[in-house]
Amino acid sequence: MDWNLRACGWRGHETYAPDEAELSARLHVDTPAGQAWRCLRCGTYVVGEPRGSGPAEHAPEVPRGRLLRDRVLMRALAVERGLRAVGLVALALLVLKFRGSHDTLQAAFRTDLPLLRPLATQLGWNPDDSRVVRGINDVFSLSTTTLTWIAVGLLVYAALQTTEAVGLWLVKRWGEYFAVIATSVFLPLEVYEIFERVTVLRLGALVVNLAAVVWLVWSKRLFGVRGGGEAYLAEHAAESLLTVDRAAARTAD
């Protein structure tokens, strides 16, 4: 897949007319249909007025190639974090709803459970040995204060996920660091849960989070990896066709 052409197909070509005459001459051509300006993303010449103009150093940064692909992956990860935040908020609201009806639901459960015993006996099922019934009893044993703190914890976790989602979607450097740190903090807990009981959901969440941490640290050069922030900024600058053309114009001089 040509990520440059795909992005231009979605957002339109990114053309820019620099004030520097020599560089401007390298970025446009005359055609029978009028002037055509070179797209800074895909390199295609586009007939019509440029989308922007001004000094070359004020030109917009236009990710290309691998950097553009990485941006798409970051936003996909941001969507996953956003969906997780929505689920956590919904779960917190459910806990608060349960807390408000705790006594009523507990009384109904204790009243209705004996009614199921004759049917359970015929089916050869003992409710007293059921993990589901024991789990429900454990939930009912929680106090309203404990349920409140559980809901607060879920909302705090949702806020962390939302912050991650915003930082990753906006492709901010702080968002990358925040995502790595916040995700890494919970990795030991996820590993512990795997040892407690292996499920597809738990294993999938661990794989996704571990892959996200490794990918962000490596590709975004976080914490000094592969040259750190300076190398990361240099890589972005080198990916701009405008930067390449400016360097070529200086070499020609």
# chains A, B, ... in the order shown; residues from 1 in each chain; ligands from 1
call {"tool": "residues_around", "arguments": {"residues": "range 189-196 of chain A", "least_positions_apart": "3", "cutoff": "12 Å", "atoms": "only C-alpha atoms", "output": "number ranges by chain"}}
result
A: 183-186, 199-210
call {"tool": "write_last_selection", "arguments": {"atoms": "C-alpha atoms", "output": "JSON list (two decimals), in the first residue's frame"}}
result
[["chain", "number", "residue", "atom", "x", "y", "z"],
["A", 183, "THR", "CA", 0.46, 0.91, 29.99],
["A", 184, "SER", "CA", 3.66, -0.43, 31.57],
["A", 185, "VAL", "CA", 2.34, 0.22, 35.10],
["A", 186, "PHE", "CA", -0.50, -2.26, 34.57],
["A", 199, "THR", "CA", -8.52, -16.52, 29.16],
["A", 200, "VAL", "CA", -8.55, -15.35, 25.56],
["A", 201, "LEU", "CA", -9.54, -11.82, 26.64],
["A", 202, "ARG", "CA", -6.75, -11.52, 29.21],
["A", 203, "LEU", "CA", -4.14, -12.98, 26.89],
["A", 204, "GLY", "CA", -5.23, -10.73, 24.03],
["A", 205, "ALA", "CA", -5.10, -7.61, 26.22],
["A", 206, "LEU", "CA", -1.61, -8.50, 27.44],
["A", 207, "VAL", "CA", -0.32, -9.09, 23.90],
["A", 208, "VAL", "CA", -1.82, -5.81, 22.62],
["A", 209, "ASN", "CA", -0.43, -3.74, 25.50],
["A", 210, "LEU", "CA", 3.01, -5.35, 25.40]]
call {"tool": "closest_residue", "arguments": {"among": "A:Lys220, A:His236, A:Arg99, A:Arg81", "to": "Ser143 in chain A", "atoms": "only C-alpha atoms"}}
result
A:Arg99
call {"tool": "residues_around", "arguments": {"residues": "Leu154 in chain A", "least_positions_apart": "5", "cutoff": "12 Å", "atoms": "only C-alpha atoms", "output": "PDB file with N, CA and C atoms, in the first residue's frame"}}
result
ATOM      1  N   ARG A  84     -11.909   1.470  25.118  1.00  0.00           N
ATOM      2  CA  ARG A  84     -11.709   0.902  26.444  1.00  0.00           C
ATOM      3  C   ARG A  84     -12.188   1.878  27.519  1.00  0.00           C
ATOM      4  N   ALA A  85     -11.929   3.170  27.318  1.00  0.00           N
ATOM      5  CA  ALA A  85     -12.381   4.180  28.280  1.00  0.00           C
ATOM      6  C   ALA A  85     -13.907   4.214  28.361  1.00  0.00           C
ATOM      7  N   VAL A  86     -14.565   4.115  27.210  1.00  0.00           N
ATOM      8  CA  VAL A  86     -16.038   4.098  27.199  1.00  0.00           C
ATOM      9  C   VAL A  86     -16.556   2.888  27.966  1.00  0.00           C
ATOM     10  N   GLY A  87     -15.935   1.724  27.770  1.00  0.00           N
ATOM     11  CA  GLY A  87     -16.344   0.524  28.486  1.00  0.00           C
ATOM     12  C   GLY A  87     -16.153   0.645  29.986  1.00  0.00           C
ATOM     13  N   LEU A  88     -15.055   1.276  30.397  1.00  0.00           N
ATOM     14  CA  LEU A  88     -14.798   1.459  31.828  1.00  0.00           C
ATOM     15  C   LEU A  88     -15.808   2.404  32.469  1.00  0.00           C
ATOM     16  N   VAL A  89     -16.156   3.470  31.744  1.00  0.00           N
ATOM     17  CA  VAL A  89     -17.167   4.398  32.273  1.00  0.00           C
ATOM     18  C   VAL A  89     -18.508   3.688  32.414  1.00  0.00           C
ATOM     19  N   ALA A  90     -18.863   2.883  31.405  1.00  0.00           N
ATOM     20  CA  ALA A  90     -20.126   2.144  31.477  1.00  0.00           C
ATOM     21  C   ALA A  90     -20.122   1.169  32.654  1.00  0.00           C
ATOM     22  N   LEU A  91     -18.981   0.517  32.879  1.00  0.00           N
ATOM     23  CA  LEU A  91     -18.876  -0.419  34.001  1.00  0.00           C
ATOM     24  C   LEU A  91     -18.980   0.313  35.338  1.00  0.00           C
ATOM     25  N   ALA A  92     -18.359   1.488  35.432  1.00  0.00           N
ATOM     26  CA  ALA A  92     -18.437   2.278  36.663  1.00  0.00           C
ATOM     27  C   ALA A  92     -19.873   2.697  36.950  1.00  0.00           C
ATOM     28  N   LEU A  93     -20.590   3.113  35.910  1.00  0.00           N
ATOM     29  CA  LEU A  93     -21.995   3.491  36.093  1.00  0.00           C
ATOM     30  C   LEU A  93     -22.831   2.291  36.521  1.00  0.00           C
ATOM     31  N   LEU A  94     -22.495   1.120  35.979  1.00  0.00           N
ATOM     32  CA  LEU A  94     -23.217  -0.100  36.373  1.00  0.00           C
ATOM     33  C   LEU A  94     -22.969  -0.425  37.841  1.00  0.00           C
ATOM     34  N   VAL A  95     -21.716  -0.236  38.298  1.00  0.00           N
ATOM     35  CA  VAL A  95     -21.397  -0.477  39.714  1.00  0.00           C
ATOM     36  C   VAL A  95     -22.166   0.493  40.601  1.00  0.00           C
ATOM     37  N   LEU A  96     -22.222   1.754  40.204  1.00  0.00           N
ATOM     38  CA  LEU A  96     -22.965   2.738  40.996  1.00  0.00           C
ATOM     39  C   LEU A  96     -24.457   2.419  41.012  1.00  0.00           C
ATOM     40  N   LEU A 147     -18.009  -0.573  47.017  1.00  0.00           N
ATOM     41  CA  LEU A 147     -18.522  -0.407  45.658  1.00  0.00           C
ATOM     42  C   LEU A 147     -18.265   1.001  45.138  1.00  0.00           C
ATOM     43  N   THR A 148     -18.381   1.985  46.016  1.00  0.00           N
ATOM     44  CA  THR A 148     -18.095   3.367  45.606  1.00  0.00           C
ATOM     45  C   THR A 148     -16.642   3.516  45.182  1.00  0.00           C
ATOM     46  N   TRP A 149     -15.719   2.942  45.972  1.00  0.00           N
ATOM     47  CA  TRP A 149     -14.303   3.037  45.633  1.00  0.00           C
ATOM     48  C   TRP A 149     -13.977   2.267  44.350  1.00  0.00           C
ATOM     49  N   ALA A 159     -10.145   7.718  32.871  1.00  0.00           N
ATOM     50  CA  ALA A 159      -9.508   9.012  32.596  1.00  0.00           C
ATOM     51  C   ALA A 159      -8.100   8.820  32.039  1.00  0.00           C
ATOM     52  N   LEU A 160      -7.364   7.843  32.592  1.00  0.00           N
ATOM     53  CA  LEU A 160      -6.036   7.543  32.068  1.00  0.00           C
ATOM     54  C   LEU A 160      -6.107   7.085  30.614  1.00  0.00           C
ATOM     55  N   GLN A 161      -7.062   6.197  30.326  1.00  0.00           N
ATOM     56  CA  GLN A 161      -7.225   5.708  28.961  1.00  0.00           C
ATOM     57  C   GLN A 161      -7.614   6.845  28.013  1.00  0.00           C
TER      58      GLN A 161
END
call {"tool": "atom_distance", "arguments": {"atom1": "CA of Ala212 in chain A", "atom2": "CA of Val180 in chain A"}}
result
7.8 Å
call {"tool": "closest_residue", "arguments": {"among": "A:Glu235, A:His13, A:Leu187, A:Glu176", "to": "Glu164 in chain A", "atoms": "only C-alpha atoms"}}
result
A:Glu176
call {"tool": "select_by_dssp", "arguments": {"residues": "range 5-206 of chain A", "states": "alpha helix (DSSP H)", "output": "PyMOL selection string"}}
result
chain A and resi 5-11+21-27+65-100+102-122+131-140+144-169+173-196+200-206
call {"tool": "write_last_selection", "arguments": {"atoms": "C-alpha atoms", "output": "compact mmCIF listing (two decimals), in the first residue's frame"}}
result
# COMPACT_ATOMS: atom_id res chain seq x y z
CA LEU A 5 -1.30 8.36 -2.02
CA ARG A 6 -3.85 6.92 0.40
CA ALA A 7 -3.48 9.93 2.72
CA CYS A 8 -3.71 12.35 -0.21
CA GLY A 9 -6.84 10.54 -1.40
CA TRP A 10 -8.44 11.06 2.01
CA ARG A 11 -7.25 14.58 2.82
CA ALA A 21 12.58 31.83 -5.55
CA GLU A 22 14.97 28.94 -6.27
CA LEU A 23 13.08 26.53 -4.07
CA SER A 24 9.75 27.69 -5.47
CA ALA A 25 11.02 27.00 -8.97
CA ARG A 26 11.80 23.43 -8.01
CA LEU A 27 8.32 22.84 -6.61
CA GLY A 65 6.10 6.82 4.09
CA ARG A 66 6.82 4.95 7.31
CA LEU A 67 6.12 8.00 9.46
CA LEU A 68 2.69 8.28 7.89
CA ARG A 69 2.04 4.57 8.47
CA ASP A 70 3.13 4.96 12.10
CA ARG A 71 0.69 7.83 12.51
CA VAL A 72 -2.16 5.63 11.25
CA LEU A 73 -1.15 2.89 13.71
CA MET A 74 -1.00 5.40 16.57
CA ARG A 75 -4.51 6.60 15.82
CA ALA A 76 -5.75 3.02 15.62
CA LEU A 77 -4.26 2.49 19.09
CA ALA A 78 -5.92 5.73 20.22
CA VAL A 79 -9.30 4.40 19.05
CA GLU A 80 -8.72 1.17 21.01
CA ARG A 81 -7.90 3.19 24.13
CA GLY A 82 -10.96 5.36 23.60
CA LEU A 83 -13.25 2.35 23.30
CA ARG A 84 -11.71 0.90 26.44
CA ALA A 85 -12.38 4.18 28.28
CA VAL A 86 -16.04 4.10 27.20
CA GLY A 87 -16.34 0.52 28.49
CA LEU A 88 -14.80 1.46 31.83
CA VAL A 89 -17.17 4.40 32.27
CA ALA A 90 -20.13 2.14 31.48
CA LEU A 91 -18.88 -0.42 34.00
CA ALA A 92 -18.44 2.28 36.66
CA LEU A 93 -22.00 3.49 36.09
CA LEU A 94 -23.22 -0.10 36.37
CA VAL A 95 -21.40 -0.48 39.71
CA LEU A 96 -22.96 2.74 41.00
CA LYS A 97 -26.38 1.57 39.83
CA PHE A 98 -25.83 -1.74 41.61
CA ARG A 99 -24.74 0.06 44.77
CA GLY A 100 -28.00 2.02 44.82
CA HIS A 102 -27.75 -3.40 46.55
CA ASP A 103 -30.18 -4.34 49.33
CA THR A 104 -33.14 -4.85 47.00
CA LEU A 105 -31.20 -7.09 44.61
CA GLN A 106 -29.67 -9.08 47.45
CA ALA A 107 -33.11 -9.73 48.99
CA ALA A 108 -34.52 -10.79 45.61
CA PHE A 109 -31.58 -13.15 45.02
CA ARG A 110 -31.96 -14.81 48.42
CA THR A 111 -35.72 -15.15 47.88
CA ASP A 112 -35.54 -16.56 44.34
CA LEU A 113 -32.56 -18.90 44.74
CA PRO A 114 -34.46 -21.50 46.86
CA LEU A 115 -37.14 -21.60 44.14
CA LEU A 116 -34.53 -22.88 41.69
CA ARG A 117 -33.37 -25.76 43.88
CA PRO A 118 -36.06 -28.30 42.81
CA LEU A 119 -35.28 -27.70 39.14
CA ALA A 120 -31.54 -27.72 39.86
CA THR A 121 -31.91 -31.06 41.67
CA GLN A 122 -33.66 -32.60 38.66
CA ARG A 131 -18.86 -20.72 40.97
CA VAL A 132 -21.45 -18.33 39.54
CA VAL A 133 -23.57 -18.44 42.70
CA ARG A 134 -20.48 -18.06 44.89
CA GLY A 135 -19.37 -15.13 42.78
CA ILE A 136 -22.76 -13.43 43.14
CA ASN A 137 -22.64 -13.95 46.89
CA ASP A 138 -19.15 -12.43 46.98
CA VAL A 139 -20.41 -9.37 45.11
CA PHE A 140 -23.34 -8.96 47.49
CA THR A 144 -21.57 0.25 49.58
CA THR A 145 -18.33 2.05 50.48
CA THR A 146 -16.28 -0.61 48.72
CA LEU A 147 -18.52 -0.41 45.66
CA THR A 148 -18.10 3.37 45.61
CA TRP A 149 -14.30 3.04 45.63
CA ILE A 150 -14.47 0.42 42.87
CA ALA A 151 -16.49 2.84 40.74
CA VAL A 152 -14.02 5.66 41.48
CA GLY A 153 -11.11 3.41 40.51
CA LEU A 154 -12.81 2.51 37.24
CA LEU A 155 -13.42 6.19 36.45
CA VAL A 156 -9.80 7.07 37.21
CA TYR A 157 -8.64 4.26 34.94
CA ALA A 158 -11.03 5.53 32.25
CA ALA A 159 -9.51 9.01 32.60
CA LEU A 160 -6.04 7.54 32.07
CA GLN A 161 -7.22 5.71 28.96
CA THR A 162 -8.86 8.89 27.66
CA THR A 163 -5.66 10.87 28.18
CA GLU A 164 -3.73 8.18 26.29
CA ALA A 165 -6.26 8.26 23.47
CA VAL A 166 -6.10 12.05 23.11
CA GLY A 167 -2.29 12.16 23.19
CA LEU A 168 -1.94 9.36 20.64
CA TRP A 169 -4.64 10.70 18.33
CA ARG A 173 5.32 13.43 22.09
CA TRP A 174 3.91 13.64 25.63
CA GLY A 175 1.11 11.32 24.57
CA GLU A 176 3.62 8.68 23.48
CA TYR A 177 5.48 8.87 26.80
CA PHE A 178 2.23 8.87 28.76
CA ALA A 179 0.94 5.82 26.86
CA VAL A 180 4.12 3.84 27.49
CA ILE A 181 4.29 4.69 31.20
CA ALA A 182 0.57 4.20 31.90
CA THR A 183 0.46 0.91 29.99
CA SER A 184 3.66 -0.43 31.57
CA VAL A 185 2.34 0.22 35.10
CA PHE A 186 -0.50 -2.26 34.57
CA LEU A 187 1.54 -4.96 32.78
CA PRO A 188 2.54 -6.77 36.03
CA LEU A 189 -1.13 -6.94 37.05
CA GLU A 190 -2.08 -8.37 33.67
CA VAL A 191 0.69 -10.98 33.93
CA TYR A 192 -0.54 -11.90 37.42
CA GLU A 193 -4.09 -12.33 36.08
CA ILE A 194 -2.76 -14.66 33.36
CA PHE A 195 -1.13 -16.85 36.00
CA GLU A 196 -4.37 -16.85 37.99
CA VAL A 200 -8.55 -15.35 25.56
CA LEU A 201 -9.54 -11.82 26.64
CA ARG A 202 -6.75 -11.52 29.21
CA LEU A 203 -4.14 -12.98 26.89
CA GLY A 204 -5.23 -10.73 24.03
CA ALA A 205 -5.10 -7.61 26.22
CA LEU A 206 -1.61 -8.50 27.44
call {"tool": "closest_atom_pairs", "arguments": {"of": "range 52-102 of chain A", "to": "range 28-45 of chain A", "cutoff": "7 Å", "atoms": "only C-alpha atoms", "output": "CSV"}}
result
residue,atom,partner,partner_atom,distance
A:Val62,CA,A:Arg41,CA,6.0
A:Pro63,CA,A:Arg41,CA,6.9
A:Arg64,CA,A:Arg41,CA,5.7
call {"tool": "atom_distance", "arguments": {"atom1": "CA of Glu14 in chain A", "atom2": "CA of Ala231 in chain A"}}
result
24.7 Å
call {"tool": "atom_distance", "arguments": {"atom1": "CA of Glu61 in chain A", "atom2": "CA of Gly227 in chain A"}}
result
20.7 Å
